[in-house]
Each structure stands twice: as C-alpha cells, then as structure tokens.
>>> print(open('start23.pdb').read())   # PDB, C-alpha atoms
MODEL        1
ATOM      1  CA  THR A  90     121.386 298.721 185.750  1.00  0.00           C
ATOM      2  CA  ARG A  91     124.900 300.193 185.983  1.00  0.00           C
ATOM      3  CA  LYS A  92     123.837 303.289 184.041  1.00  0.00           C
ATOM      4  CA  TRP A  93     120.791 303.780 186.255  1.00  0.00           C
ATOM      5  CA  LEU A  94     122.797 303.331 189.476  1.00  0.00           C
ATOM      6  CA  MET A  95     125.422 305.782 188.237  1.00  0.00           C
ATOM      7  CA  SER A  96     122.636 308.301 187.545  1.00  0.00           C
ATOM      8  CA  ARG A  97     121.494 307.979 191.177  1.00  0.00           C
ATOM      9  CA  ARG A  98     124.823 309.092 192.728  1.00  0.00           C
ATOM     10  CA  ASP A  99     124.502 312.112 195.015  1.00  0.00           C
ATOM     11  CA  GLY A 100     128.004 313.533 194.424  1.00  0.00           C
ATOM     12  CA  LYS A 101     128.993 312.988 198.075  1.00  0.00           C
ATOM     13  CA  GLY A 102     129.752 309.268 197.977  1.00  0.00           C
ATOM     14  CA  GLY A 103     126.179 308.104 198.402  1.00  0.00           C
ATOM     15  CA  PHE A 104     123.110 307.525 196.286  1.00  0.00           C
ATOM     16  CA  LYS A 105     119.778 309.310 195.932  1.00  0.00           C
ATOM     17  CA  LEU A 106     117.087 307.230 197.561  1.00  0.00           C
ATOM     18  CA  ASP A 107     113.433 307.066 196.680  1.00  0.00           C
ATOM     19  CA  SER A 108     111.174 308.458 199.392  1.00  0.00           C
ATOM     20  CA  LYS A 109     109.269 305.187 199.652  1.00  0.00           C
ATOM     21  CA  ALA A 110     110.493 301.701 200.414  1.00  0.00           C
ATOM     22  CA  LEU A 111     109.015 299.284 197.885  1.00  0.00           C
ATOM     23  CA  ASP A 112     109.550 296.130 199.899  1.00  0.00           C
ATOM     24  CA  SER A 113     108.575 294.704 203.263  1.00  0.00           C
ATOM     25  CA  PHE A 114     112.118 294.870 204.632  1.00  0.00           C
ATOM     26  CA  GLY A 115     112.058 298.588 205.334  1.00  0.00           C
ATOM     27  CA  ARG A 116     114.837 300.929 204.381  1.00  0.00           C
ATOM     28  CA  ALA A 117     118.510 300.516 205.155  1.00  0.00           C
ATOM     29  CA  SER A 118     120.379 303.616 206.272  1.00  0.00           C
ATOM     30  CA  PRO A 119     122.013 305.781 203.590  1.00  0.00           C
ATOM     31  CA  GLU A 120     125.434 304.557 204.808  1.00  0.00           C
ATOM     32  CA  VAL A 121     124.531 300.873 204.426  1.00  0.00           C
ATOM     33  CA  THR A 122     122.850 301.501 201.066  1.00  0.00           C
ATOM     34  CA  ALA A 123     125.863 303.392 199.697  1.00  0.00           C
ATOM     35  CA  ALA A 124     128.288 300.757 201.002  1.00  0.00           C
ATOM     36  CA  TYR A 125     126.270 297.893 199.507  1.00  0.00           C
ATOM     37  CA  ILE A 126     125.809 299.514 196.105  1.00  0.00           C
ATOM     38  CA  THR A 127     129.457 300.599 195.896  1.00  0.00           C
ATOM     39  CA  TYR A 128     130.642 297.117 196.889  1.00  0.00           C
ATOM     40  CA  SER A 129     128.309 295.514 194.345  1.00  0.00           C
ATOM     41  CA  MET A 130     129.524 297.787 191.576  1.00  0.00           C
ATOM     42  CA  ALA A 131     133.192 297.237 192.470  1.00  0.00           C
ATOM     43  CA  ALA A 132     132.773 293.465 192.705  1.00  0.00           C
ATOM     44  CA  ALA A 133     131.122 293.467 189.273  1.00  0.00           C
ATOM     45  CA  GLY A 134     134.097 295.370 187.848  1.00  0.00           C
ATOM     46  CA  PHE A 135     132.340 298.714 187.505  1.00  0.00           C
ATOM     47  CA  ALA A 136     134.319 300.911 189.932  1.00  0.00           C
ATOM     48  CA  ASP A 137     135.658 303.113 187.122  1.00  0.00           C
ATOM     49  CA  GLY A 138     134.100 306.543 187.427  1.00  0.00           C
ATOM     50  CA  MET A 139     133.136 305.944 191.074  1.00  0.00           C
ATOM     51  CA  LYS A 140     136.073 307.681 192.767  1.00  0.00           C
ATOM     52  CA  THR A 141     133.854 309.721 195.106  1.00  0.00           C
ATOM     53  CA  GLU A 142     131.955 306.623 196.228  1.00  0.00           C
ATOM     54  CA  VAL A 143     135.106 304.527 196.650  1.00  0.00           C
ATOM     55  CA  ASP A 144     136.752 307.384 198.572  1.00  0.00           C
ATOM     56  CA  ALA A 145     133.734 307.455 200.889  1.00  0.00           C
ATOM     57  CA  GLN A 146     134.163 303.724 201.524  1.00  0.00           C
ATOM     58  CA  ALA A 147     137.872 304.242 202.232  1.00  0.00           C
ATOM     59  CA  ARG A 148     136.952 306.848 204.867  1.00  0.00           C
ATOM     60  CA  ALA A 149     134.348 304.504 206.352  1.00  0.00           C
ATOM     61  CA  ALA A 150     136.924 301.704 206.459  1.00  0.00           C
ATOM     62  CA  GLN A 151     139.113 303.859 208.691  1.00  0.00           C
ATOM     63  CA  SER A 152     136.428 305.075 211.062  1.00  0.00           C
ATOM     64  CA  THR A 153     133.411 302.783 211.344  1.00  0.00           C
ATOM     65  CA  LYS A 154     132.985 300.500 214.316  1.00  0.00           C
ATOM     66  CA  ASP A 155     130.190 298.607 212.541  1.00  0.00           C
ATOM     67  CA  PRO A 156     131.611 295.319 211.213  1.00  0.00           C
ATOM     68  CA  TYR A 157     128.984 295.006 208.464  1.00  0.00           C
ATOM     69  CA  LEU A 158     129.882 298.431 207.075  1.00  0.00           C
ATOM     70  CA  LEU A 159     133.587 297.698 207.499  1.00  0.00           C
ATOM     71  CA  ALA A 160     133.253 294.372 205.654  1.00  0.00           C
ATOM     72  CA  LEU A 161     131.472 296.078 202.750  1.00  0.00           C
ATOM     73  CA  ALA A 162     134.104 298.845 202.648  1.00  0.00           C
ATOM     74  CA  ALA A 163     136.984 296.351 202.803  1.00  0.00           C
ATOM     75  CA  ASN A 164     135.471 294.250 200.018  1.00  0.00           C
ATOM     76  CA  THR A 165     134.954 297.374 197.902  1.00  0.00           C
ATOM     77  CA  LEU A 166     138.569 298.470 198.283  1.00  0.00           C
ATOM     78  CA  LEU A 167     139.872 294.972 197.596  1.00  0.00           C
ATOM     79  CA  HIS A 168     138.068 295.018 194.223  1.00  0.00           C
ATOM     80  CA  VAL A 169     139.675 298.301 193.119  1.00  0.00           C
ATOM     81  CA  PRO A 170     143.238 297.555 191.994  1.00  0.00           C
ATOM     82  CA  ALA A 171     144.658 300.918 193.104  1.00  0.00           C
ATOM     83  CA  ARG A 172     143.053 300.567 196.563  1.00  0.00           C
ATOM     84  CA  VAL A 173     143.989 296.975 197.502  1.00  0.00           C
ATOM     85  CA  ALA A 174     146.472 298.087 200.197  1.00  0.00           C
ATOM     86  CA  GLU A 175     143.682 300.083 201.873  1.00  0.00           C
ATOM     87  CA  GLY A 176     141.399 297.068 201.552  1.00  0.00           C
ATOM     88  CA  LYS A 177     143.980 294.879 203.268  1.00  0.00           C
ATOM     89  CA  ALA A 178     144.336 297.420 206.097  1.00  0.00           C
ATOM     90  CA  ALA A 179     140.535 297.521 206.474  1.00  0.00           C
ATOM     91  CA  THR A 180     140.452 293.724 206.522  1.00  0.00           C
ATOM     92  CA  ALA A 181     143.065 293.662 209.279  1.00  0.00           C
ATOM     93  CA  ARG A 182     140.787 295.965 211.331  1.00  0.00           C
ATOM     94  CA  LEU A 183     137.877 293.677 210.559  1.00  0.00           C
ATOM     95  CA  VAL A 184     139.751 290.531 211.621  1.00  0.00           C
ATOM     96  CA  GLY A 185     140.471 292.280 214.922  1.00  0.00           C
ATOM     97  CA  MET A 186     136.706 292.539 215.526  1.00  0.00           C
ATOM     98  CA  GLN A 187     136.074 288.798 215.183  1.00  0.00           C
ATOM     99  CA  GLN A 188     134.555 287.114 218.220  1.00  0.00           C
ATOM    100  CA  LYS A 189     136.282 284.134 219.799  1.00  0.00           C
ATOM    101  CA  ALA A 190     133.510 281.830 218.527  1.00  0.00           C
ATOM    102  CA  GLY A 191     134.363 282.875 214.957  1.00  0.00           C
ATOM    103  CA  HIS A 192     131.619 285.313 214.028  1.00  0.00           C
ATOM    104  CA  TRP A 193     131.295 289.085 213.879  1.00  0.00           C
ATOM    105  CA  THR A 194     128.779 290.914 216.066  1.00  0.00           C
ATOM    106  CA  GLY A 195     127.869 294.522 216.751  1.00  0.00           C
ATOM    107  CA  ALA A 196     126.511 295.602 213.368  1.00  0.00           C
ATOM    108  CA  ASP A 197     123.409 297.764 213.395  1.00  0.00           C
ATOM    109  CA  HIS A 198     121.631 296.367 210.325  1.00  0.00           C
ATOM    110  CA  SER A 199     122.186 295.027 206.829  1.00  0.00           C
ATOM    111  CA  ILE A 200     120.925 296.089 203.410  1.00  0.00           C
ATOM    112  CA  THR A 201     117.725 294.126 204.050  1.00  0.00           C
ATOM    113  CA  ARG A 202     117.464 295.465 207.614  1.00  0.00           C
ATOM    114  CA  SER A 203     118.437 292.098 209.055  1.00  0.00           C
ATOM    115  CA  THR A 204     119.158 291.948 212.757  1.00  0.00           C
ATOM    116  CA  GLY A 205     120.059 289.210 215.222  1.00  0.00           C
ATOM    117  CA  ARG A 206     121.440 285.896 213.932  1.00  0.00           C
ATOM    118  CA  ASN A 207     120.768 286.756 210.261  1.00  0.00           C
ATOM    119  CA  LEU A 208     122.802 289.944 210.595  1.00  0.00           C
ATOM    120  CA  GLU A 209     125.640 288.019 212.239  1.00  0.00           C
ATOM    121  CA  ILE A 210     125.590 285.491 209.380  1.00  0.00           C
ATOM    122  CA  GLU A 211     125.599 288.202 206.714  1.00  0.00           C
ATOM    123  CA  THR A 212     128.383 290.122 208.459  1.00  0.00           C
ATOM    124  CA  THR A 213     130.460 286.982 209.005  1.00  0.00           C
ATOM    125  CA  ALA A 214     130.085 285.935 205.366  1.00  0.00           C
ATOM    126  CA  LEU A 215     131.192 289.370 204.117  1.00  0.00           C
ATOM    127  CA  ALA A 216     134.095 289.398 206.580  1.00  0.00           C
ATOM    128  CA  VAL A 217     135.231 285.933 205.458  1.00  0.00           C
ATOM    129  CA  MET A 218     135.059 287.064 201.821  1.00  0.00           C
ATOM    130  CA  ALA A 219     137.253 290.078 202.632  1.00  0.00           C
ATOM    131  CA  ALA A 220     139.738 287.942 204.559  1.00  0.00           C
ATOM    132  CA  LEU A 221     139.960 285.487 201.660  1.00  0.00           C
ATOM    133  CA  GLN A 222     140.390 288.268 199.092  1.00  0.00           C
ATOM    134  CA  ALA A 223     143.027 290.016 201.243  1.00  0.00           C
ATOM    135  CA  ASP A 224     144.842 286.762 201.927  1.00  0.00           C
ATOM    136  CA  ALA A 225     144.479 287.636 205.607  1.00  0.00           C
ATOM    137  CA  SER A 226     144.521 285.444 208.692  1.00  0.00           C
ATOM    138  CA  PRO A 227     143.784 281.809 207.739  1.00  0.00           C
ATOM    139  CA  ASP A 228     142.772 281.180 211.353  1.00  0.00           C
ATOM    140  CA  ALA A 229     140.152 283.939 211.219  1.00  0.00           C
ATOM    141  CA  VAL A 230     138.833 282.552 207.933  1.00  0.00           C
ATOM    142  CA  ARG A 231     138.627 279.002 209.271  1.00  0.00           C
ATOM    143  CA  ARG A 232     136.870 280.100 212.485  1.00  0.00           C
ATOM    144  CA  GLY A 233     134.435 282.218 210.463  1.00  0.00           C
ATOM    145  CA  VAL A 234     133.622 279.376 208.087  1.00  0.00           C
ATOM    146  CA  ASP A 235     133.266 276.911 210.949  1.00  0.00           C
ATOM    147  CA  TRP A 236     130.856 279.291 212.694  1.00  0.00           C
ATOM    148  CA  LEU A 237     128.839 279.715 209.483  1.00  0.00           C
ATOM    149  CA  GLN A 238     128.651 275.944 208.980  1.00  0.00           C
ATOM    150  CA  ASN A 239     127.565 275.418 212.591  1.00  0.00           C
ATOM    151  CA  ASN A 240     124.782 277.985 212.183  1.00  0.00           C
ATOM    152  CA  ARG A 241     123.191 276.497 209.101  1.00  0.00           C
ATOM    153  CA  GLY A 242     119.603 275.273 209.316  1.00  0.00           C
ATOM    154  CA  GLY A 243     118.558 271.659 208.944  1.00  0.00           C
ATOM    155  CA  PHE A 244     117.627 272.093 205.282  1.00  0.00           C
ATOM    156  CA  GLY A 245     120.945 273.727 204.332  1.00  0.00           C
ATOM    157  CA  GLN A 246     119.796 277.319 204.638  1.00  0.00           C
ATOM    158  CA  TRP A 247     121.201 280.025 206.898  1.00  0.00           C
ATOM    159  CA  GLY A 248     117.997 281.888 207.715  1.00  0.00           C
ATOM    160  CA  ALA A 249     116.842 284.912 205.771  1.00  0.00           C
ATOM    161  CA  THR A 250     117.424 285.027 202.020  1.00  0.00           C
ATOM    162  CA  GLN A 251     120.340 287.467 202.218  1.00  0.00           C
ATOM    163  CA  ALA A 252     122.079 285.325 204.837  1.00  0.00           C
ATOM    164  CA  THR A 253     121.512 282.198 202.739  1.00  0.00           C
ATOM    165  CA  VAL A 254     122.939 283.943 199.649  1.00  0.00           C
ATOM    166  CA  LEU A 255     126.034 285.329 201.376  1.00  0.00           C
ATOM    167  CA  ALA A 256     127.033 282.476 203.694  1.00  0.00           C
ATOM    168  CA  PRO A 257     127.815 279.882 201.021  1.00  0.00           C
ATOM    169  CA  THR A 258     129.848 282.447 199.088  1.00  0.00           C
ATOM    170  CA  GLY A 259     132.284 282.723 201.981  1.00  0.00           C
ATOM    171  CA  THR A 260     132.430 278.993 202.620  1.00  0.00           C
ATOM    172  CA  ILE A 261     132.777 278.043 198.956  1.00  0.00           C
ATOM    173  CA  GLY A 262     135.607 280.558 198.658  1.00  0.00           C
ATOM    174  CA  LEU A 263     137.462 278.728 201.395  1.00  0.00           C
ATOM    175  CA  MET A 264     136.888 275.374 199.774  1.00  0.00           C
ATOM    176  CA  MET A 265     138.274 276.673 196.484  1.00  0.00           C
ATOM    177  CA  ASP A 266     141.400 277.964 198.226  1.00  0.00           C
ATOM    178  CA  CYS A 267     142.109 274.574 199.845  1.00  0.00           C
TER     179      CYS A 267
ENDMDL
END
>>> encode(input="start23.pdb", output="structure tokens")
Amino acid sequence: TRKWLMSRRDGKGGFKLDSKALDSFGRASPEVTAAYITYSMAAAGFADGMKTEVDAQARAAQSTKDPYLLALAANTLLHVPARVAEGKAATARLVGMQQKAGHWTGADHSITRSTGRNLEIETTALAVMAALQADASPDAVRRGVDWLQNNRGGFGQWGATQATVLAPTGTIGLMMDC
C-alpha cells in the first residue's frame, strides 16, 4: 500500500486522484485527501521520502482556517521527528479554535465527506489526538473528550463509521495518559 501511495504523489504535495469515486461517500477535496493520506503515512512511520507532502502540510498548518485540515496537518507534523515544533505550533492554533462546549466546528468536510455532527466528532477526535501528542492544554483535551463522550449514541457509537473509528482513539488516548 505504501509503495502504491508513494507512486500516486503529484510532486506538489498532493496525490493523483482517480477520475471516478468508487464509493457512495463522494470525493473529498484534493486538500483533504492529501492531508489525510500524508497524516496516515506519517502516523504509520512512513514519512521518509515525503518531504514535499509534509512541507505542504506545514504550509497548511500556518494558513488554513479549517479545523479538520489543521488537525490533520498538526498530527502529521507531530509524527515527523524533525517537525514536532511546527506540529506543536499548529496544535496551539488548533486549541485556539475550540468552542466553549469542547468541540471544534467550522470544517468544510472530512475524508468521507462527512458534514454536521459527524464532521464535528471527527474533527474533535483529531484535535484531541493532536493535543495529546503535543502535550498541549489539558483543559482543551478534557473538554474535547467530555464533548465526545456526551455525543456518543446509545449503543456506544458516535454516528458514521469514520466518527466511530476516530472518537474512541482520542478518548482512549486520554485514559492512557491518566
């Protein structure tokens, strides 16, 4: 998978996309797709050889107003040892976007084109993961986790599959740090 993803890089920090979407979710924007793939590769320990893509995420971390994109960029940078300071700065920006209730709003869409509550859950989970990794504001982490827990469904799920996959990751991370 790594080899195939690396072969799909466009040389500008993004990835070549197929002209057709093969799922019912639709297609995420090139920016969201690049951020998600780069984060996934960095988190898996495969950021070597991805300088152009990581540089693109560093630029996004400084300029984007979209908290989902910023959370992906921050998490990417935090997984690249030489870029941790930039990841911490991006996380500080991200923490500043947190709503009083504990969640993050204002993202356009996620990798699965989520919107509404699912998008807020996905964004909040990614933001909490960045804050934990950056050893950032414990108050922001606690409020984010509390919000995620309060927005869980009656059967333990958080909504869409992507939200249900990401939300426990952030909350389990907090539990492990306690």
>>> residues_around(input="start23.pdb", residues="region 182-194 of chain A", least_positions_apart="4", cutoff="9 Å", atoms="all atoms listed in the file", output="MDAnalysis selection string")
chainID A and resid 150:151 154:157 159:160 163 177:178 205 208:210 212:214 216:217 219:220 225:226 229:237
>>> closest_residue(input="start23.pdb", among="A:Leu94, A:Ala117, A:Ala196, A:Val143", to="Val169 (chain A)", atoms="all atoms listed in the file")
A:Val143
>>> atom_distance(input="start23.pdb", atom1="CA of Ala179 (chain A)", atom2="CA of Ala223 (chain A)")
9.5 Å
>>> atom_distance(input="start23.pdb", atom1="CA of Ala145 (chain A)", atom2="CA of Thr201 (chain A)")
21.1 Å
>>> atom_distance(input="start23.pdb", atom1="CA of Leu167 (chain A)", atom2="CA of Gln222 (chain A)")
6.9 Å
>>> resolve_selection(input="start23.pdb", expression="the PyMOL selection byres ((chain A and resi 97-103) around 6)", output="list of chain:residue names")
A:Leu94, A:Met95, A:Ser96, A:Phe104, A:Lys105, A:Ala123, A:Thr141, A:Glu142, A:Ala145
>>> residues_around(input="start23.pdb", residues="Met130 (chain A)", least_positions_apart="4", cutoff="12 Å", atoms="only C-alpha atoms", output="ChimeraX atom specification")
/A:90-95,123-126,134-140,142-143,161,164-166,168-169
>>> axis_aligned_box(input="start23.pdb", around="region 224-232 of chain A", padding_each_side="8 Å", output="lines of an AutoDock Vina configuration file")
center_x = 140.9
center_y = 283.3
center_z = 207.2
size_x = 24.0
size_y = 24.6
size_z = 26.6
